[in-house]
Structures are given as structure tokens and as C-alpha cells.
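Asker: Dropping in work_12.txt, with compact mmCIF, C-alpha atoms and all ligand atoms.
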```
# COMPACT_ATOMS: atom_id res chain seq x y z
CA MET A 14 72.39 278.89 77.29
CA ALA A 15 72.42 275.47 78.94
CA HIS A 16 72.59 272.36 76.83
CA ALA A 17 69.71 269.88 76.83
CA GLN A 18 71.80 267.40 78.79
CA ASP A 19 72.41 270.03 81.50
CA GLN A 20 68.70 270.66 81.77
CA ILE A 21 67.96 266.98 82.31
CA LEU A 22 70.34 266.85 85.23
CA THR A 23 69.25 270.14 86.83
CA PRO A 24 67.32 269.62 90.11
CA ARG A 25 63.65 270.63 90.03
CA PRO A 26 62.69 273.70 92.00
CA THR A 27 60.62 271.45 94.26
CA GLY A 28 63.75 269.67 95.39
CA SER A 29 63.13 266.40 93.57
CA THR A 30 65.63 265.38 90.89
CA ILE A 31 64.76 264.51 87.32
CA VAL A 32 66.03 261.03 86.64
CA PRO A 33 68.23 261.08 83.55
CA GLU A 34 66.63 259.31 80.64
CA LYS A 35 67.74 255.72 80.49
CA ILE A 36 70.28 255.20 77.79
CA ARG A 37 68.56 253.16 75.11
CA GLU A 38 70.43 249.95 74.82
CA GLY A 39 70.33 248.12 71.54
CA ILE A 40 69.72 244.50 70.72
CA ASP A 41 72.49 243.41 68.42
CA LEU A 42 71.85 240.55 66.06
CA GLU A 43 72.89 239.31 62.66
CA ILE A 44 70.45 238.74 59.82
CA ASN A 45 71.53 237.02 56.62
CA GLY A 46 75.15 237.76 57.47
CA ARG A 47 74.66 241.46 58.16
CA PRO A 48 74.78 243.13 61.60
CA TYR A 49 71.77 245.05 62.95
CA ARG A 50 70.92 246.90 66.16
CA HIS A 51 67.30 247.12 67.30
CA THR A 52 66.58 249.96 69.73
CA GLY A 53 62.80 249.67 69.82
CA ASP A 54 60.44 247.48 71.82
CA ASP A 55 62.35 244.46 73.05
CA GLN A 56 59.11 242.43 73.08
CA MET A 57 58.44 243.02 69.38
CA PRO A 58 58.20 239.64 67.65
CA LEU A 59 61.09 238.95 65.29
CA LEU A 60 58.56 238.56 62.45
CA TRP A 61 57.50 242.21 62.65
CA TYR A 62 61.10 243.37 62.92
CA LEU A 63 61.90 241.47 59.72
CA ARG A 64 58.83 242.56 57.80
CA ASP A 65 57.99 246.04 59.10
CA VAL A 66 61.40 247.41 60.08
CA LEU A 67 63.78 245.74 57.65
CA ARG A 68 61.22 245.11 54.87
CA LEU A 69 62.33 241.51 54.55
CA THR A 70 58.84 240.39 53.60
CA GLY A 71 59.66 236.86 52.50
CA THR A 72 58.82 235.57 55.97
CA LYS A 73 55.04 235.51 56.24
CA TYR A 74 52.48 235.83 59.02
CA SER A 75 51.38 232.40 60.09
CA GLY A 76 48.90 233.01 62.87
CA GLU A 77 49.59 233.98 66.47
CA HIS A 78 51.39 230.74 67.17
CA GLY A 79 53.03 230.15 63.81
CA GLU A 80 50.39 227.69 62.63
CA GLY A 81 51.07 226.76 59.04
CA GLY A 82 54.82 227.25 59.22
CA TYR A 83 54.84 230.35 57.02
CA ASP A 84 57.02 232.32 59.45
CA LEU A 85 59.89 229.88 59.85
CA VAL A 86 63.47 231.13 59.97
CA LEU A 87 66.75 229.68 61.16
CA VAL A 88 68.11 231.01 64.46
CA ASP A 89 71.71 229.97 65.01
CA GLY A 90 71.00 227.24 62.46
CA LYS A 91 67.87 225.91 64.17
CA LEU A 92 64.34 226.16 62.82
CA ALA A 93 62.19 228.67 64.72
CA SER A 94 58.91 230.54 64.41
CA ALA A 95 59.59 234.26 63.94
CA ILE A 96 56.24 235.30 65.48
CA SER A 97 57.07 233.41 68.68
CA LEU A 98 60.43 235.07 69.29
CA PRO A 99 60.54 238.49 71.00
CA MET A 100 63.52 240.57 69.92
CA LEU A 101 64.95 240.23 73.43
CA HIS A 102 65.34 236.50 72.82
CA VAL A 103 67.31 236.88 69.62
CA ALA A 104 69.96 239.23 71.01
CA GLY A 105 73.33 238.05 69.80
CA LYS A 106 71.81 235.44 67.49
CA SER A 107 72.37 234.79 63.84
CA ILE A 108 69.15 234.69 61.82
CA THR A 109 68.71 233.32 58.32
CA THR A 110 65.56 234.17 56.39
CA VAL A 111 64.50 233.05 52.95
CA GLU A 112 66.20 236.17 51.55
CA GLY A 113 69.50 234.78 52.87
CA LEU A 114 69.34 231.41 51.10
CA ALA A 115 70.69 232.49 47.73
CA GLY A 116 74.41 233.09 47.40
CA ALA A 117 75.95 236.55 47.42
CA ASP A 118 76.27 236.21 43.64
CA GLY A 119 72.51 235.69 43.35
CA LYS A 120 72.80 231.96 42.64
CA LEU A 121 69.76 230.22 44.04
CA HIS A 122 70.06 227.72 46.86
CA PRO A 123 69.68 224.18 45.45
CA LEU A 124 66.32 223.86 47.20
CA GLN A 125 65.05 227.07 45.62
CA GLN A 126 66.09 225.75 42.21
CA ALA A 127 64.48 222.39 42.94
CA PHE A 128 61.19 224.07 43.92
CA ILE A 129 61.24 225.80 40.53
CA ASP A 130 62.23 222.65 38.66
CA GLU A 131 59.45 220.63 40.31
CA ASN A 132 56.91 223.46 39.97
CA ALA A 133 56.36 223.24 43.73
CA ILE A 134 55.03 226.79 43.99
CA GLY A 135 51.39 227.81 43.67
CA CYS A 136 50.47 231.22 45.11
CA GLY A 137 53.84 231.17 46.88
CA TYR A 138 52.60 232.20 50.32
CA CYS A 139 53.81 229.00 51.95
CA THR A 140 57.02 228.70 49.92
CA PRO A 141 59.47 230.59 52.18
CA GLY A 142 58.39 228.49 55.16
CA TRP A 143 58.72 225.26 53.18
CA LEU A 144 62.19 226.29 52.06
CA MET A 145 63.41 227.06 55.57
CA ALA A 146 61.95 223.84 56.99
CA SER A 147 63.42 221.85 54.09
CA VAL A 148 66.87 223.37 54.58
CA ASP A 149 66.66 222.45 58.25
CA LEU A 150 65.50 218.91 57.43
CA LEU A 151 68.32 218.32 54.94
CA ASN A 152 70.83 219.72 57.43
CA ARG A 153 69.68 217.05 59.89
CA HIS A 154 68.97 214.21 57.44
CA SER A 155 70.75 214.20 54.12
CA GLN A 156 68.38 211.46 52.88
CA PRO A 157 65.03 212.17 54.56
CA SER A 158 62.29 209.58 54.37
CA ASP A 159 58.81 210.33 53.01
CA ASN A 160 57.57 210.18 56.58
CA GLU A 161 60.11 212.78 57.74
CA ILE A 162 59.13 215.08 54.88
CA ASP A 163 55.44 214.59 55.65
CA GLN A 164 56.09 215.66 59.24
CA LEU A 165 57.34 219.10 58.27
CA PRO A 166 55.17 221.71 60.00
CA ASN A 167 54.10 223.40 56.78
CA LEU A 168 50.67 223.76 55.25
CA CYS A 169 49.95 224.53 51.63
CA ARG A 170 46.49 225.65 50.62
CA CYS A 171 47.38 225.28 46.95
CA GLY A 172 48.08 221.56 47.23
CA CYS A 173 51.80 221.59 46.42
CA GLN A 174 52.78 218.99 49.02
CA THR A 175 53.58 216.21 46.55
CA ARG A 176 55.70 218.50 44.40
CA VAL A 177 57.47 219.89 47.47
CA ARG A 178 58.33 216.34 48.46
CA ARG A 179 59.77 215.74 44.99
CA ALA A 180 61.85 218.93 45.24
CA ILE A 181 63.32 217.88 48.57
CA LYS A 182 64.09 214.41 47.21
CA ARG A 183 65.70 215.93 44.13
CA VAL A 184 68.18 217.79 46.34
CA ALA A 185 68.68 214.85 48.67
CA ASN A 186 69.45 212.63 45.72
CA GLY A 187 72.37 214.64 44.50
CA ALA A 188 71.34 217.88 42.87
CA ARG A 189 72.64 219.66 45.96
CA ALA A 190 75.68 221.88 45.33
S1 LIG B 201 51.61 227.63 47.17
FE1 LIG B 201 49.85 228.66 47.89
S2 LIG B 201 49.70 228.12 49.98
FE2 LIG B 201 51.26 226.88 49.18
```
Take the structure I supplied and represent it as C-alpha cells, if you would.
Answerer:
Amino acid sequence: MAHAQDQILTPRPTGSTIVPEKIREGIDLEINGRPYRHTGDDQMPLLWYLRDVLRLTGTKYSGEHGEGGYDLVLVDGKLASAISLPMLHVAGKSITTVEGLAGADGKLHPLQQAFIDENAIGCGYCTPGWLMASVDLLNRHSQPSDNEIDQLPNLCRCGCQTRVRRAIKRVANGARA
């Protein structure tokens, strides 16, 4: 009995040839320090890969264009909207999500601890986005001004902005590990 592969390559009786199925190429990327290969739709937004495929649900839906900043992640260390990035565009990239902020030993990132210490969390929906944007801000400006903090692209429906600002300042002023 012929193997399936033989059958694919066997010419049709009509004379035409069945084209062998294209080998599914994967999109290799790294997420929170671990390697992954995506073999599905290369236009799938990174957000749905994180949430629906990997079950990394910390990154939240933030509208079709990332309004609100709830879907922010770091891509090769730069802040990016996960809904706006098709998987094809993150091939070979290194992604950090909110799940990747804590240390391997479970120790919270200084900003996570500061958000807790300043009670900068209401319902928590916006918190992952704030954390990623704040990490990015502190990477660029170790002592950000109030104005720079106010320009972060994050919205909070629970009114935590003032406490978020205090948390960022707490880290900037020396609580950072
Ligand atoms: S804590 Fe609820 S939206 Fe910000």
C-alpha cells in the first residue's frame, strides 16, 4: 500500500499533477525568554497569539488600534501595541509581556511592587499596560518628569492615574533594584 506522501506526488489520471502541499513554515520568536514557533495564520495579531494560543492573558484587548494602552508589550525592548502587530512582523523578535516582568524566582519587578505599595490598582484591567509603558519610560528616562509620565498612552477608568504616577516616582527615586 502506498504511503500518503506517495499519493500526493502521484500524477492525476487526467494528466495534471497534484502540487505537493506547501511545507508549513513556522514563525520563530521568543516570549518572556522562552522560544516558540507559530505555524498558524501569519496575519494573526500578536495579542491573540498571546491570549488565545499561549493563554498569557495579562495583555488585554485595547480596541482595534490599541486605544487605551491595555495591550502594550515590549518587542526587542521597545514599547509596542500587540493588536497592531501581525505574527509575521514579530518573527525572530523577543517579546516581553507583563508575565515576564517578575524574576524567575517569582520576585516582583520593582514597578509591580511599587504599584502594590501605592495602591495604584483598581479593577486591574489597565495595570499590565501601565506596567509595560512604565518599564519602557524608566528604561529611557531614569528620572521622568510629571509631564513625561502624564504623556504615557494609558487610560484608567478607575482613576488610578495619580497613584500610578506616585508608583513610577517611587521606583525612579531609588526603590528600583
Ligand atoms: S484600574 Fe481599572 S481601568 Fe485602571
Asker: Hey, which of A:Arg47, A:Lys73, A:Lys91, A:His78 ends up closest to A:Val111? Count all atoms listed in the file.
Answerer: A:Lys73
Asker: So, counting only C-alpha atoms and all ligand atoms, which residue among A:Asn160, A:Asn152, A:Ser75, A:Ser94 is closest to ligand LIG 201 (chain B)?
Answerer: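 Looking at the shortest contact to ligand LIG 201 (chain B), the residue is A:Ser75.
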Asker: Taking all atoms listed in the file into account, which of A:Asn167, A:Gln156, A:Phe128, A:Ala146 comes nearest A:Arg179?
Answerer: A:Phe128
Asker: Could you give me, as JSON lines, a per-residue list for chain A showing, wherever an atom lies at most 8 Å from an atom of ligand LIG 201 (chain B), the closest pair of atoms and their distance in Å to one decimal, using only C-alpha atoms and all ligand atoms and sorting by chain then residue number from low to high?
Answerer:
```
{"residue": "A:Ala133", "atom": "CA", "partner": "B:LIG201", "partner_atom": "S1", "distance": 7.3}
{"residue": "A:Ile134", "atom": "CA", "partner": "B:LIG201", "partner_atom": "S1", "distance": 4.7}
{"residue": "A:Gly135", "atom": "CA", "partner": "B:LIG201", "partner_atom": "S1", "distance": 3.5}
{"residue": "A:Cys136", "atom": "CA", "partner": "B:LIG201", "partner_atom": "FE1", "distance": 3.8}
{"residue": "A:Gly137", "atom": "CA", "partner": "B:LIG201", "partner_atom": "S1", "distance": 4.2}
{"residue": "A:Tyr138", "atom": "CA", "partner": "B:LIG201", "partner_atom": "S2", "distance": 5.0}
{"residue": "A:Cys139", "atom": "CA", "partner": "B:LIG201", "partner_atom": "FE2", "distance": 4.3}
{"residue": "A:Thr140", "atom": "CA", "partner": "B:LIG201", "partner_atom": "FE2", "distance": 6.1}
{"residue": "A:Leu168", "atom": "CA", "partner": "B:LIG201", "partner_atom": "FE2", "distance": 6.9}
{"residue": "A:Cys169", "atom": "CA", "partner": "B:LIG201", "partner_atom": "FE2", "distance": 3.6}
{"residue": "A:Arg170", "atom": "CA", "partner": "B:LIG201", "partner_atom": "S2", "distance": 4.1}
{"residue": "A:Cys171", "atom": "CA", "partner": "B:LIG201", "partner_atom": "FE1", "distance": 4.3}
{"residue": "A:Gly172", "atom": "CA", "partner": "B:LIG201", "partner_atom": "FE2", "distance": 6.5}
{"residue": "A:Cys173", "atom": "CA", "partner": "B:LIG201", "partner_atom": "FE2", "distance": 6.0}
```
Asker: Find the residue from A:Met57, A:Leu85, A:Met145, A:Ile96 that sits nearest to A:Leu124; use all atoms listed in the file when measuring.
Answerer: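 Using all atoms listed in the file, the shortest distance to A:Leu124 belongs to A:Met145.
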Asker: Of the candidates A:Val86, A:Ile129, A:Leu60, A:Val184, which one gets nearest to A:Leu151 if we count only C-alpha atoms?
Answerer: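 Once distances to A:Leu151 are computed over only C-alpha atoms, the minimum belongs to A:Val184.
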Asker: Give me, please, the distance in Å between atom CA of A:Gln126 and atom CA of A:Gly142, quoted to one decimal.
Answerer: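 One can read the atom CA of A:Gln126 to atom CA of A:Gly142 distance as 15.3 Å.
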Asker: Would you mind telling me which residue in A:Thr175, A:Ser155, A:Ser97, A:Asn132 lies nearest to A:Gln56 when using only C-alpha atoms?
Answerer: A:Ser97
Asker: Distance atom CA of A:Val103-atom CA of A:Glu80, one decimal place?
Answerer: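 Spanning atom CA of A:Val103 to atom CA of A:Glu80 is a straight-line distance of 20.5 Å.
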Asker: State, in Å with one decimal place, the distance from atom CA of A:Leu114 to atom CA of A:Thr72.
Answerer: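 Going from atom CA of A:Leu114 over to atom CA of A:Thr72, I get 12.3 Å.
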Asker: Please determine an axis-aligned box that encloses all atoms of stretch 133-139 of chain A listed in the file, with 5 Å added on each side, and express its centre and edge lengths in Å to one decimal as JSON.
Answerer:
```
{"center_x": 53.4, "center_y": 227.7, "center_z": 47.8, "size_x": 15.9, "size_y": 19.0, "size_z": 18.3}
```
Asker: Counting only C-alpha atoms, what is within 9 Å of A:Gly46, bar same-chain residues fewer than 5 positions away, as a ChimeraX atom specification?
Answerer: /A:107-109,113
Asker: Missing atoms in stretch 153-166 of chain A need filling: write out N, CA and C atoms for it as a PDB file, in the coordinates of the input.
Answerer:
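Final output, saved to result39.pdb:
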```pdb
ATOM      1  N   ARG A 153      69.727 218.106  58.859  1.00  0.00           N
ATOM      2  CA  ARG A 153      69.680 217.050  59.890  1.00  0.00           C
ATOM      3  C   ARG A 153      69.695 215.658  59.285  1.00  0.00           C
ATOM      4  N   HIS A 154      69.071 215.519  58.097  1.00  0.00           N
ATOM      5  CA  HIS A 154      68.970 214.210  57.440  1.00  0.00           C
ATOM      6  C   HIS A 154      69.255 214.401  55.953  1.00  0.00           C
ATOM      7  N   SER A 155      70.399 213.959  55.527  1.00  0.00           N
ATOM      8  CA  SER A 155      70.750 214.200  54.120  1.00  0.00           C
ATOM      9  C   SER A 155      69.867 213.373  53.181  1.00  0.00           C
ATOM     10  N   GLN A 156      69.282 212.292  53.691  1.00  0.00           N
ATOM     11  CA  GLN A 156      68.380 211.460  52.880  1.00  0.00           C
ATOM     12  C   GLN A 156      67.068 211.267  53.641  1.00  0.00           C
ATOM     13  N   PRO A 157      66.261 212.288  53.746  1.00  0.00           N
ATOM     14  CA  PRO A 157      65.030 212.170  54.560  1.00  0.00           C
ATOM     15  C   PRO A 157      64.038 211.190  53.939  1.00  0.00           C
ATOM     16  N   SER A 158      63.327 210.511  54.820  1.00  0.00           N
ATOM     17  CA  SER A 158      62.290 209.580  54.370  1.00  0.00           C
ATOM     18  C   SER A 158      61.021 210.368  54.012  1.00  0.00           C
ATOM     19  N   ASP A 159      60.106 209.701  53.311  1.00  0.00           N
ATOM     20  CA  ASP A 159      58.810 210.330  53.010  1.00  0.00           C
ATOM     21  C   ASP A 159      58.126 210.760  54.300  1.00  0.00           C
ATOM     22  N   ASN A 160      58.220 209.896  55.300  1.00  0.00           N
ATOM     23  CA  ASN A 160      57.570 210.180  56.580  1.00  0.00           C
ATOM     24  C   ASN A 160      58.152 211.449  57.218  1.00  0.00           C
ATOM     25  N   GLU A 161      59.474 211.587  57.152  1.00  0.00           N
ATOM     26  CA  GLU A 161      60.110 212.780  57.740  1.00  0.00           C
ATOM     27  C   GLU A 161      59.683 214.039  56.972  1.00  0.00           C
ATOM     28  N   ILE A 162      59.576 213.924  55.670  1.00  0.00           N
ATOM     29  CA  ILE A 162      59.130 215.080  54.880  1.00  0.00           C
ATOM     30  C   ILE A 162      57.673 215.414  55.218  1.00  0.00           C
ATOM     31  N   ASP A 163      56.858 214.362  55.352  1.00  0.00           N
ATOM     32  CA  ASP A 163      55.440 214.590  55.650  1.00  0.00           C
ATOM     33  C   ASP A 163      55.227 215.223  57.020  1.00  0.00           C
ATOM     34  N   GLN A 164      56.226 215.089  57.900  1.00  0.00           N
ATOM     35  CA  GLN A 164      56.090 215.660  59.240  1.00  0.00           C
ATOM     36  C   GLN A 164      56.536 217.117  59.329  1.00  0.00           C
ATOM     37  N   LEU A 165      56.985 217.680  58.235  1.00  0.00           N
ATOM     38  CA  LEU A 165      57.340 219.100  58.270  1.00  0.00           C
ATOM     39  C   LEU A 165      56.101 219.912  58.673  1.00  0.00           C
ATOM     40  N   PRO A 166      56.314 220.986  59.427  1.00  0.00           N
ATOM     41  CA  PRO A 166      55.170 221.710  60.000  1.00  0.00           C
ATOM     42  C   PRO A 166      54.526 222.708  59.053  1.00  0.00           C
TER      43      PRO A 166
END
```
